[in-house]
Amino acid sequence: MSVVLQAKGISKNFHDPITIQVLKDVSFEIKKGEFVSVIGKSGCGKSTLLYILSTMDTDYEGDLLIDGVPMRNKKEGELALVRNEKIGFVFQFHYLLNEFSVLRNVMLPGLKLGKYSEQEVEHRAMEKLRILGIDNEAHKMANQLSGGQKQRVAIARALINDPLIIMGDEPTGNLDKKNSQIVFDIFNELAHEFKQTLLIVTHDNEFAQSTDRIIEMEDGRIIRM
Amino acid sequence: MNTKLIFTIAKSLLVARWRQTLVAAIGVTFSITMFITLLGFMTGLNDLLDGLILNRTPHIKLYNELKATPNQPIAISNKFKNHHHFIHSVKPSGTRAEIYNYGAIVDALKNDKRVYGVAPKLVAQVFYNVGAIDVTGVINGIDVDAENKLFFFKDYITAGNYIDLKNTPNSIILGKGLADKMLANIGDVVQVTTPKGDRIQLKVVGYFQSGLQDFDKTQSYASLGTAQKLLGKPSNYVTDIQIKLTDMKLAPLVGKEYAKVFSVDAEDIQTANSQFETGSSVRSIISYAVGITLLVVAGFGIYNILNMMIYEKMDSIAILKATGFSGKDVNAIFVSIALSIGFFGGLAGLVCGFGLSVVIDNVPFNTAALPTIKTYPINYNPKFYVIGTIFSLITTYFAGLFPARKASKIDPVVIIRGK
């Protein structure tokens, strides 16, 4: 199995107000098709790690390889392209654009990539919405949906470019039990039926227990993986 | 593909905030409207005032200046060649007011391709007799047809017919102010006295109004023949030759050339009326300054609205960046928002500006000083419309640039983690 994501000795310091090392020499790798969760107490650095892995945070030491390509020394525009093409995001908050319809929201990253024509992107977006069971809501505006539905739209948006890896930062954090279960079932289905690589940061231990692999962090170090 | 996507996103953001967008666009519309109207009106007025002088001023005037000869006898004398000359109280003598060899000069001028037309003129100092009182003044002897062709003589005749001056012997057209002073109606006969003491009676065939009151109080027109008869001079006696060129800019150069070739004095329009050029350009500068100030104010409006939009749309910007839009794309989105406000606002401004110009153009404007003007003057030079468009795009571009740069520098991690 090929390695999708590789972290080599990643360290990070916060300098404000005093220098604190939040990540200490973190190294691990994720193989294709793995469903990985990162757990740990609040402040252990798991979210910080995720944002470094997502290429959005570039202020760190060590090396990050996505699909075998080092991310260090890449320009902002090149990193944006990597995020567009290879990484799908699901955040705690859905971050849908209220000015657009559900379908358009899902299509945006696809249109940005420009790999397919607009019709094809639209077709693919409908496909993803169907997988997530919300294709009926496709033409509603984003703010007309319920919280759980919005999060499913956000997952569809993460899937639109068939990313190498989907990263989630507490994706069920804002949802009630029922909706959390739906989102978790979706992740499971993606991981096992579609062989989608997933890296989910969570503090929900129950959620973590049912993933393939758990990375546990404490005080900026990995203590279990 | 990417450009289209950026435009769609920009458009959606604009439509979602259409009230703010409208306010911003109205700001631009208003300033462009004022810019166009102001410049059109100001330039129209400039043209009118310049025309007042420039239409009636020859590009080159050939005449004999009353002056002492620069070659005084002592300078010619060999005996005092190496001496310093002290000469006091030199007086001109024997200077002839008329242009020597007038007929030949006019023929030569008519063959010159640079010359649009030639009009001879005879300026005679006279006293107008009003009962027991004498009013000093000037009678301009003119070639009526040439004067009308070159200086639109007809336009300034407010009563009577200009051509009567040519067709009626011993006729005169009085300045309106002068006619009022002399209580002379059309058809009346007025008496003038020449400096030599000869009295002559002239029939009033019209009034003229130049727009310059002082001028109208002393000047009057007669035909060249009448003026010559008045002074008891032969028919080749002419004091001025007025020349209009096809290209006014050549006047100083051609003037110098004629002065040398014909041994006369030449005065060109640029030298004689330099203050009008200055006045016009200062007025234009003021109009531009006001117009651009308005636009800059509108620009600040756009700047504010975009800044607000960016604060409101922090989340959207963050997610766009997280899902693969680069800082450059975000920058382009906000710049295109600003530019479309500028473009559509500016376009509406051009239309409104034109409309307002037309309205002003039809407002009655009657003044005793300007007999030919019935409405306010407007200049519809397309140049103002082009400049207005360019300025509206430039100001809105810069107004959008700084907020857009701020938006492009938003760190998605800070926004997303801050939740």
# chains A, B, ... in the order shown; residues from 1 in each chain; ligands from 1

call {"tool": "closest_atom_pairs", "arguments": {"of": "chain A", "to": "chain B", "cutoff": "7 Å", "atoms": "only C-alpha atoms", "output": "CSV"}}
result
residue,atom,partner,partner_atom,distance
A:Tyr51,CA,B:Val413,CA,6.9
A:Met56,CA,B:Val413,CA,6.5
A:Asp57,CA,B:Val413,CA,6.8
A:Glu76,CA,B:Ser326,CA,6.8
A:Gly77,CA,B:Ser326,CA,5.1
A:Ala80,CA,B:Gly324,CA,4.4
A:Leu81,CA,B:Gly324,CA,5.5
A:Arg83,CA,B:Gly324,CA,5.0
A:Asn84,CA,B:Gly324,CA,3.9
A:Tyr95,CA,B:Ile319,CA,6.3
A:Leu97,CA,B:Ser316,CA,5.9
A:Glu99,CA,B:Ser12,CA,6.0
A:Pro109,CA,B:Thr323,CA,6.0
A:Leu111,CA,B:Leu5,CA,6.9
A:Lys112,CA,B:Asn2,CA,6.2
A:Gly114,CA,B:Met1,CA,6.7

call {"tool": "write_last_selection", "arguments": {"atoms": "N, CA and C atoms", "output": "PDB file, in the first residue's frame"}}
result
ATOM      1  N   TYR A  51      -3.615  21.178  10.993  1.00  0.00           N
ATOM      2  CA  TYR A  51      -3.495  22.333  10.095  1.00  0.00           C
ATOM      3  C   TYR A  51      -2.126  22.372   9.419  1.00  0.00           C
ATOM      4  N   MET A  56      -2.131  24.419   5.339  1.00  0.00           N
ATOM      5  CA  MET A  56      -2.578  25.792   5.553  1.00  0.00           C
ATOM      6  C   MET A  56      -1.632  26.519   6.498  1.00  0.00           C
ATOM      7  N   ASP A  57      -1.066  25.789   7.464  1.00  0.00           N
ATOM      8  CA  ASP A  57      -0.097  26.371   8.386  1.00  0.00           C
ATOM      9  C   ASP A  57       1.293  25.990   7.886  1.00  0.00           C
ATOM     10  N   GLU A  76       2.656  29.838  -1.873  1.00  0.00           N
ATOM     11  CA  GLU A  76       1.268  29.875  -1.406  1.00  0.00           C
ATOM     12  C   GLU A  76       0.306  29.357  -2.488  1.00  0.00           C
ATOM     13  N   GLY A  77       0.515  29.802  -3.717  1.00  0.00           N
ATOM     14  CA  GLY A  77      -0.352  29.391  -4.818  1.00  0.00           C
ATOM     15  C   GLY A  77      -0.267  27.898  -5.091  1.00  0.00           C
ATOM     16  N   ALA A  80      -2.084  26.029  -2.437  1.00  0.00           N
ATOM     17  CA  ALA A  80      -3.526  26.119  -2.666  1.00  0.00           C
ATOM     18  C   ALA A  80      -3.959  25.056  -3.675  1.00  0.00           C
ATOM     19  N   LEU A  81      -3.110  24.859  -4.674  1.00  0.00           N
ATOM     20  CA  LEU A  81      -3.418  23.862  -5.697  1.00  0.00           C
ATOM     21  C   LEU A  81      -3.413  22.450  -5.106  1.00  0.00           C
ATOM     22  N   ARG A  83      -4.053  21.664  -1.986  1.00  0.00           N
ATOM     23  CA  ARG A  83      -5.265  21.536  -1.168  1.00  0.00           C
ATOM     24  C   ARG A  83      -6.478  21.281  -2.044  1.00  0.00           C
ATOM     25  N   ASN A  84      -6.503  22.003  -3.172  1.00  0.00           N
ATOM     26  CA  ASN A  84      -7.634  21.882  -4.078  1.00  0.00           C
ATOM     27  C   ASN A  84      -7.750  20.471  -4.638  1.00  0.00           C
ATOM     28  N   TYR A  95     -19.043  25.910   7.215  1.00  0.00           N
ATOM     29  CA  TYR A  95     -18.447  26.899   6.309  1.00  0.00           C
ATOM     30  C   TYR A  95     -18.997  26.836   4.890  1.00  0.00           C
ATOM     31  N   LEU A  97     -21.059  28.592   1.802  1.00  0.00           N
ATOM     32  CA  LEU A  97     -21.282  29.975   1.382  1.00  0.00           C
ATOM     33  C   LEU A  97     -22.780  30.192   1.197  1.00  0.00           C
ATOM     34  N   GLU A  99     -24.371  32.519  -0.083  1.00  0.00           N
ATOM     35  CA  GLU A  99     -24.797  33.164  -1.327  1.00  0.00           C
ATOM     36  C   GLU A  99     -25.094  32.148  -2.424  1.00  0.00           C
ATOM     37  N   PRO A 109     -15.039  23.902  -5.420  1.00  0.00           N
ATOM     38  CA  PRO A 109     -13.652  23.417  -5.541  1.00  0.00           C
ATOM     39  C   PRO A 109     -13.414  22.691  -6.866  1.00  0.00           C
ATOM     40  N   LEU A 111     -14.899  23.402  -9.761  1.00  0.00           N
ATOM     41  CA  LEU A 111     -14.760  24.419 -10.803  1.00  0.00           C
ATOM     42  C   LEU A 111     -13.391  25.061 -10.734  1.00  0.00           C
ATOM     43  N   LYS A 112     -12.923  25.228  -9.497  1.00  0.00           N
ATOM     44  CA  LYS A 112     -11.594  25.831  -9.315  1.00  0.00           C
ATOM     45  C   LYS A 112     -10.512  24.928  -9.925  1.00  0.00           C
ATOM     46  N   GLY A 114     -10.864  22.865 -12.347  1.00  0.00           N
ATOM     47  CA  GLY A 114     -10.975  23.019 -13.800  1.00  0.00           C
ATOM     48  C   GLY A 114     -10.606  21.770 -14.579  1.00  0.00           C
TER      49      GLY A 114
END

call {"tool": "residues_around", "arguments": {"residues": "Leu198 in chain A", "least_positions_apart": "2", "cutoff": "7 Å", "atoms": "only C-alpha atoms", "output": "count of residues only"}}
result
9

call {"tool": "closest_atom_pairs", "arguments": {"of": "range 8-63 of chain B", "to": "range 147-157 of chain B", "cutoff": "12 Å", "atoms": "only C-alpha atoms", "output": "Markdown table"}}
result
| residue | atom | partner | partner_atom | distance |
| --- | --- | --- | --- | --- |
| B:Gly51 | CA | B:Phe151 | CA | 10.1 |
| B:Leu52 | CA | B:Tyr156 | CA | 10.2 |
| B:Ile53 | CA | B:Phe151 | CA | 10.1 |
| B:Leu54 | CA | B:Phe151 | CA | 9.0 |
| B:Asn55 | CA | B:Phe151 | CA | 5.7 |
| B:Arg56 | CA | B:Phe151 | CA | 5.0 |
| B:Thr57 | CA | B:Phe151 | CA | 7.5 |
| B:Pro58 | CA | B:Phe151 | CA | 8.0 |
| B:His59 | CA | B:Leu150 | CA | 10.3 |

call {"tool": "residues_around", "arguments": {"residues": "range 212-214 of chain A", "least_positions_apart": "4", "cutoff": "12 Å", "atoms": "only C-alpha atoms", "output": "MDAnalysis selection string"}}
result
chainID A and resid 28:31 33:40 187:188 191:192 197:208 222:225

call {"tool": "write_last_selection", "arguments": {"atoms": "N, CA and C atoms", "output": "mmCIF file, in the first residue's frame"}}
result
data_model
loop_
_atom_site.group_PDB
_atom_site.id
_atom_site.type_symbol
_atom_site.label_atom_id
_atom_site.label_comp_id
_atom_site.auth_asym_id
_atom_site.auth_seq_id
_atom_site.Cartn_x
_atom_site.Cartn_y
_atom_site.Cartn_z
ATOM 1 N N PHE A 28 5.023 10.332 11.543
ATOM 2 C CA PHE A 28 4.163 9.170 11.278
ATOM 3 C C PHE A 28 3.817 9.164 9.806
ATOM 4 N N GLU A 29 3.174 8.112 9.353
ATOM 5 C CA GLU A 29 2.706 8.116 7.979
ATOM 6 C C GLU A 29 1.328 7.482 7.881
ATOM 7 N N ILE A 30 0.620 7.880 6.813
ATOM 8 C CA ILE A 30 -0.717 7.337 6.587
ATOM 9 C C ILE A 30 -0.719 6.673 5.223
ATOM 10 N N LYS A 31 -1.197 5.427 5.187
ATOM 11 C CA LYS A 31 -1.229 4.694 3.922
ATOM 12 C C LYS A 31 -2.573 4.893 3.250
ATOM 13 N N GLY A 33 -6.097 4.428 1.907
ATOM 14 C CA GLY A 33 -7.255 3.652 2.343
ATOM 15 C C GLY A 33 -7.406 3.529 3.842
ATOM 16 N N GLU A 34 -6.497 4.098 4.603
ATOM 17 C CA GLU A 34 -6.593 3.996 6.063
ATOM 18 C C GLU A 34 -7.620 4.988 6.613
ATOM 19 N N PHE A 35 -8.291 4.574 7.669
ATOM 20 C CA PHE A 35 -9.215 5.455 8.381
ATOM 21 C C PHE A 35 -8.602 5.717 9.746
ATOM 22 N N VAL A 36 -7.973 6.904 9.877
ATOM 23 C CA VAL A 36 -7.172 7.190 11.059
ATOM 24 C C VAL A 36 -7.844 8.271 11.884
ATOM 25 N N SER A 37 -7.843 8.102 13.204
ATOM 26 C CA SER A 37 -8.323 9.193 14.058
ATOM 27 C C SER A 37 -7.182 9.652 14.962
ATOM 28 N N VAL A 38 -7.187 10.928 15.252
ATOM 29 C CA VAL A 38 -6.196 11.501 16.173
ATOM 30 C C VAL A 38 -6.957 11.943 17.401
ATOM 31 N N ILE A 39 -6.540 11.422 18.559
ATOM 32 C CA ILE A 39 -7.221 11.829 19.790
ATOM 33 C C ILE A 39 -6.214 12.400 20.765
ATOM 34 N N GLY A 40 -6.740 13.025 21.758
ATOM 35 C CA GLY A 40 -5.882 13.608 22.780
ATOM 36 C C GLY A 40 -6.669 14.669 23.495
ATOM 37 N N PHE A 187 -18.498 8.419 7.049
ATOM 38 C CA PHE A 187 -17.043 8.237 7.004
ATOM 39 C C PHE A 187 -16.690 6.766 6.868
ATOM 40 N N ASN A 188 -17.396 5.951 7.618
ATOM 41 C CA ASN A 188 -17.149 4.506 7.571
ATOM 42 C C ASN A 188 -17.385 3.957 6.172
ATOM 43 N N ALA A 191 -14.669 5.052 3.855
ATOM 44 C CA ALA A 191 -13.411 4.355 4.100
ATOM 45 C C ALA A 191 -13.478 2.929 3.569
ATOM 46 N N HIS A 192 -14.600 2.254 3.819
ATOM 47 C CA HIS A 192 -14.615 0.819 3.517
ATOM 48 C C HIS A 192 -15.158 0.500 2.137
ATOM 49 N N THR A 197 -9.081 7.505 1.979
ATOM 50 C CA THR A 197 -8.203 7.734 3.114
ATOM 51 C C THR A 197 -8.790 8.858 3.968
ATOM 52 N N LEU A 198 -8.838 8.651 5.274
ATOM 53 C CA LEU A 198 -9.425 9.657 6.163
ATOM 54 C C LEU A 198 -8.521 9.896 7.359
ATOM 55 N N LEU A 199 -8.377 11.172 7.718
ATOM 56 C CA LEU A 199 -7.631 11.525 8.925
ATOM 57 C C LEU A 199 -8.518 12.473 9.718
ATOM 58 N N ILE A 200 -9.035 11.957 10.851
ATOM 59 C CA ILE A 200 -10.024 12.728 11.596
ATOM 60 C C ILE A 200 -9.513 13.046 12.991
ATOM 61 N N VAL A 201 -9.471 14.334 13.323
ATOM 62 C CA VAL A 201 -9.128 14.738 14.684
ATOM 63 C C VAL A 201 -10.420 14.774 15.484
ATOM 64 N N THR A 202 -10.428 14.151 16.638
ATOM 65 C CA THR A 202 -11.658 14.125 17.443
ATOM 66 C C THR A 202 -11.312 13.978 18.923
ATOM 67 N N HIS A 203 -12.224 14.373 19.785
ATOM 68 C CA HIS A 203 -12.015 14.001 21.182
ATOM 69 C C HIS A 203 -13.123 13.050 21.646
ATOM 70 N N ASP A 204 -13.867 12.584 20.641
ATOM 71 C CA ASP A 204 -14.933 11.631 20.920
ATOM 72 C C ASP A 204 -14.322 10.221 20.864
ATOM 73 N N ASN A 205 -14.072 9.641 22.038
ATOM 74 C CA ASN A 205 -13.367 8.357 22.083
ATOM 75 C C ASN A 205 -14.157 7.235 21.426
ATOM 76 N N GLU A 206 -15.471 7.301 21.583
ATOM 77 C CA GLU A 206 -16.332 6.292 20.988
ATOM 78 C C GLU A 206 -16.150 6.256 19.479
ATOM 79 N N PHE A 207 -16.128 7.491 18.926
ATOM 80 C CA PHE A 207 -15.898 7.655 17.499
ATOM 81 C C PHE A 207 -14.552 7.040 17.123
ATOM 82 N N ALA A 208 -13.533 7.391 17.888
ATOM 83 C CA ALA A 208 -12.172 6.950 17.575
ATOM 84 C C ALA A 208 -12.044 5.434 17.628
ATOM 85 N N ILE A 222 3.373 12.111 20.048
ATOM 86 C CA ILE A 222 2.507 10.966 19.811
ATOM 87 C C ILE A 222 2.854 9.916 20.858
ATOM 88 N N ILE A 223 1.833 9.473 21.597
ATOM 89 C CA ILE A 223 2.131 8.463 22.609
ATOM 90 C C ILE A 223 1.618 7.087 22.186
ATOM 91 N N ARG A 224 0.777 7.058 21.155
ATOM 92 C CA ARG A 224 0.286 5.764 20.696
ATOM 93 C C ARG A 224 -0.076 5.901 19.221
ATOM 94 N N MET A 225 0.309 4.940 18.414
ATOM 95 C CA MET A 225 -0.112 4.967 17.005
ATOM 96 C C MET A 225 -0.092 3.591 16.377
#

call {"tool": "select_by_dssp", "arguments": {"residues": "range 147-311 of chain B", "states": "strand (DSSP E)", "output": "ChimeraX atom specification"}}
result
/B:157-160,171-175,189-193,199-208,219-223,240-245,265-268

call {"tool": "residues_around", "arguments": {"residues": "range 301-306 of chain B", "least_positions_apart": "6", "cutoff": "10 Å", "atoms": "only C-alpha atoms", "output": "PyMOL selection string"}}
result
chain B and resi 17+20-21+23-25+27-28+295+312+334-335+337-339+341-342+395-404+407

call {"tool": "closest_residue", "arguments": {"among": "A:Lys75, A:Lys32, A:Lys128, A:His123", "to": "Asp162 in chain A", "atoms": "only C-alpha atoms"}}
result
A:Lys128

call {"tool": "residues_around", "arguments": {"residues": "Ile160 in chain A", "least_positions_apart": "3", "cutoff": "12 Å", "atoms": "only C-alpha atoms", "output": "VMD selection string"}}
result
(chain A and resid 84 to 89 103 to 116 120 to 129 131 153 to 157 163 to 166) or (chain B and resid 323)

call {"tool": "atom_distance", "arguments": {"atom1": "CA of Gln125 in chain B", "atom2": "CA of Gln228 in chain B"}}
result
12.1 Å

call {"tool": "residues_around", "arguments": {"residues": "Ser281 in chain B", "least_positions_apart": "4", "cutoff": "12 Å", "atoms": "only C-alpha atoms", "output": "PyMOL selection string"}}
result
chain B and resi 39+42-43+46-47+50+274-277+285-288

call {"tool": "write_last_selection", "arguments": {"atoms": "C-alpha atoms", "output": "short mmCIF file (atom, residue, chain, number, x, y, z; two decimals), in the first residue's frame"}}
result
data_model
loop_
_atom_site.label_atom_id
_atom_site.label_comp_id
_atom_site.auth_asym_id
_atom_site.auth_seq_id
_atom_site.Cartn_x
_atom_site.Cartn_y
_atom_site.Cartn_z
CA LEU B 39 -16.44 69.63 -17.63
CA MET B 42 -17.09 74.61 -18.03
CA THR B 43 -15.62 73.88 -21.44
CA ASN B 46 -14.70 78.54 -22.00
CA ASP B 47 -15.37 78.09 -25.69
CA ASP B 50 -12.78 82.47 -25.94
CA SER B 274 -2.27 85.06 -24.14
CA GLN B 275 -4.42 85.72 -21.06
CA PHE B 276 -7.36 83.85 -22.58
CA GLU B 277 -5.40 80.65 -23.01
CA ILE B 285 -7.84 72.41 -14.21
CA ILE B 286 -10.39 73.47 -11.58
CA SER B 287 -13.10 71.36 -13.24
CA TYR B 288 -10.84 68.33 -13.39
#

call {"tool": "residues_around", "arguments": {"residues": "range 121-123 of chain B", "least_positions_apart": "6", "cutoff": "6 Å", "atoms": "only C-alpha atoms", "output": "ChimeraX atom specification"}}
result
/B:140-142,238-240

call {"tool": "decode", "arguments": {"residues": "range 165-201 of chain B", "atoms": "C-alpha atoms", "output": "PDB file, in the first residue's frame"}}
result
ATOM      1  CA  LEU B 165     -23.555  98.580 -44.785  1.00  0.00           C
ATOM      2  CA  LYS B 166     -22.195  97.545 -48.161  1.00  0.00           C
ATOM      3  CA  ASN B 167     -25.227  98.471 -50.232  1.00  0.00           C
ATOM      4  CA  THR B 168     -26.190 101.825 -48.723  1.00  0.00           C
ATOM      5  CA  PRO B 169     -23.675 104.596 -49.401  1.00  0.00           C
ATOM      6  CA  ASN B 170     -22.520 106.613 -46.389  1.00  0.00           C
ATOM      7  CA  SER B 171     -23.985 104.167 -43.890  1.00  0.00           C
ATOM      8  CA  ILE B 172     -22.847 103.198 -40.412  1.00  0.00           C
ATOM      9  CA  ILE B 173     -23.544 100.431 -37.924  1.00  0.00           C
ATOM     10  CA  LEU B 174     -23.298 101.752 -34.386  1.00  0.00           C
ATOM     11  CA  GLY B 175     -22.366  99.914 -31.239  1.00  0.00           C
ATOM     12  CA  LYS B 176     -25.478  99.420 -29.092  1.00  0.00           C
ATOM     13  CA  GLY B 177     -24.031 101.450 -26.215  1.00  0.00           C
ATOM     14  CA  LEU B 178     -23.029 104.223 -28.545  1.00  0.00           C
ATOM     15  CA  ALA B 179     -26.429 104.278 -30.251  1.00  0.00           C
ATOM     16  CA  ASP B 180     -28.127 104.572 -26.840  1.00  0.00           C
ATOM     17  CA  LYS B 181     -25.830 107.435 -25.962  1.00  0.00           C
ATOM     18  CA  MET B 182     -26.540 109.206 -29.230  1.00  0.00           C
ATOM     19  CA  LEU B 183     -30.272 108.411 -29.117  1.00  0.00           C
ATOM     20  CA  ALA B 184     -29.930 107.217 -32.696  1.00  0.00           C
ATOM     21  CA  ASN B 185     -32.534 104.900 -34.213  1.00  0.00           C
ATOM     22  CA  ILE B 186     -32.140 102.903 -37.361  1.00  0.00           C
ATOM     23  CA  GLY B 187     -32.703 105.133 -40.345  1.00  0.00           C
ATOM     24  CA  ASP B 188     -31.518 108.233 -38.486  1.00  0.00           C
ATOM     25  CA  VAL B 189     -28.621 110.259 -39.757  1.00  0.00           C
ATOM     26  CA  VAL B 190     -25.745 110.921 -37.378  1.00  0.00           C
ATOM     27  CA  GLN B 191     -22.958 113.397 -37.782  1.00  0.00           C
ATOM     28  CA  VAL B 192     -19.289 112.690 -37.156  1.00  0.00           C
ATOM     29  CA  THR B 193     -16.278 114.963 -37.177  1.00  0.00           C
ATOM     30  CA  THR B 194     -12.875 113.770 -38.375  1.00  0.00           C
ATOM     31  CA  PRO B 195      -9.704 114.847 -36.562  1.00  0.00           C
ATOM     32  CA  LYS B 196      -9.009 117.182 -39.479  1.00  0.00           C
ATOM     33  CA  GLY B 197     -12.292 118.988 -38.814  1.00  0.00           C
ATOM     34  CA  ASP B 198     -14.362 117.662 -41.709  1.00  0.00           C
ATOM     35  CA  ARG B 199     -17.966 116.901 -40.913  1.00  0.00           C
ATOM     36  CA  ILE B 200     -19.809 114.075 -42.545  1.00  0.00           C
ATOM     37  CA  GLN B 201     -23.286 112.650 -42.180  1.00  0.00           C
TER      38      GLN B 201
END
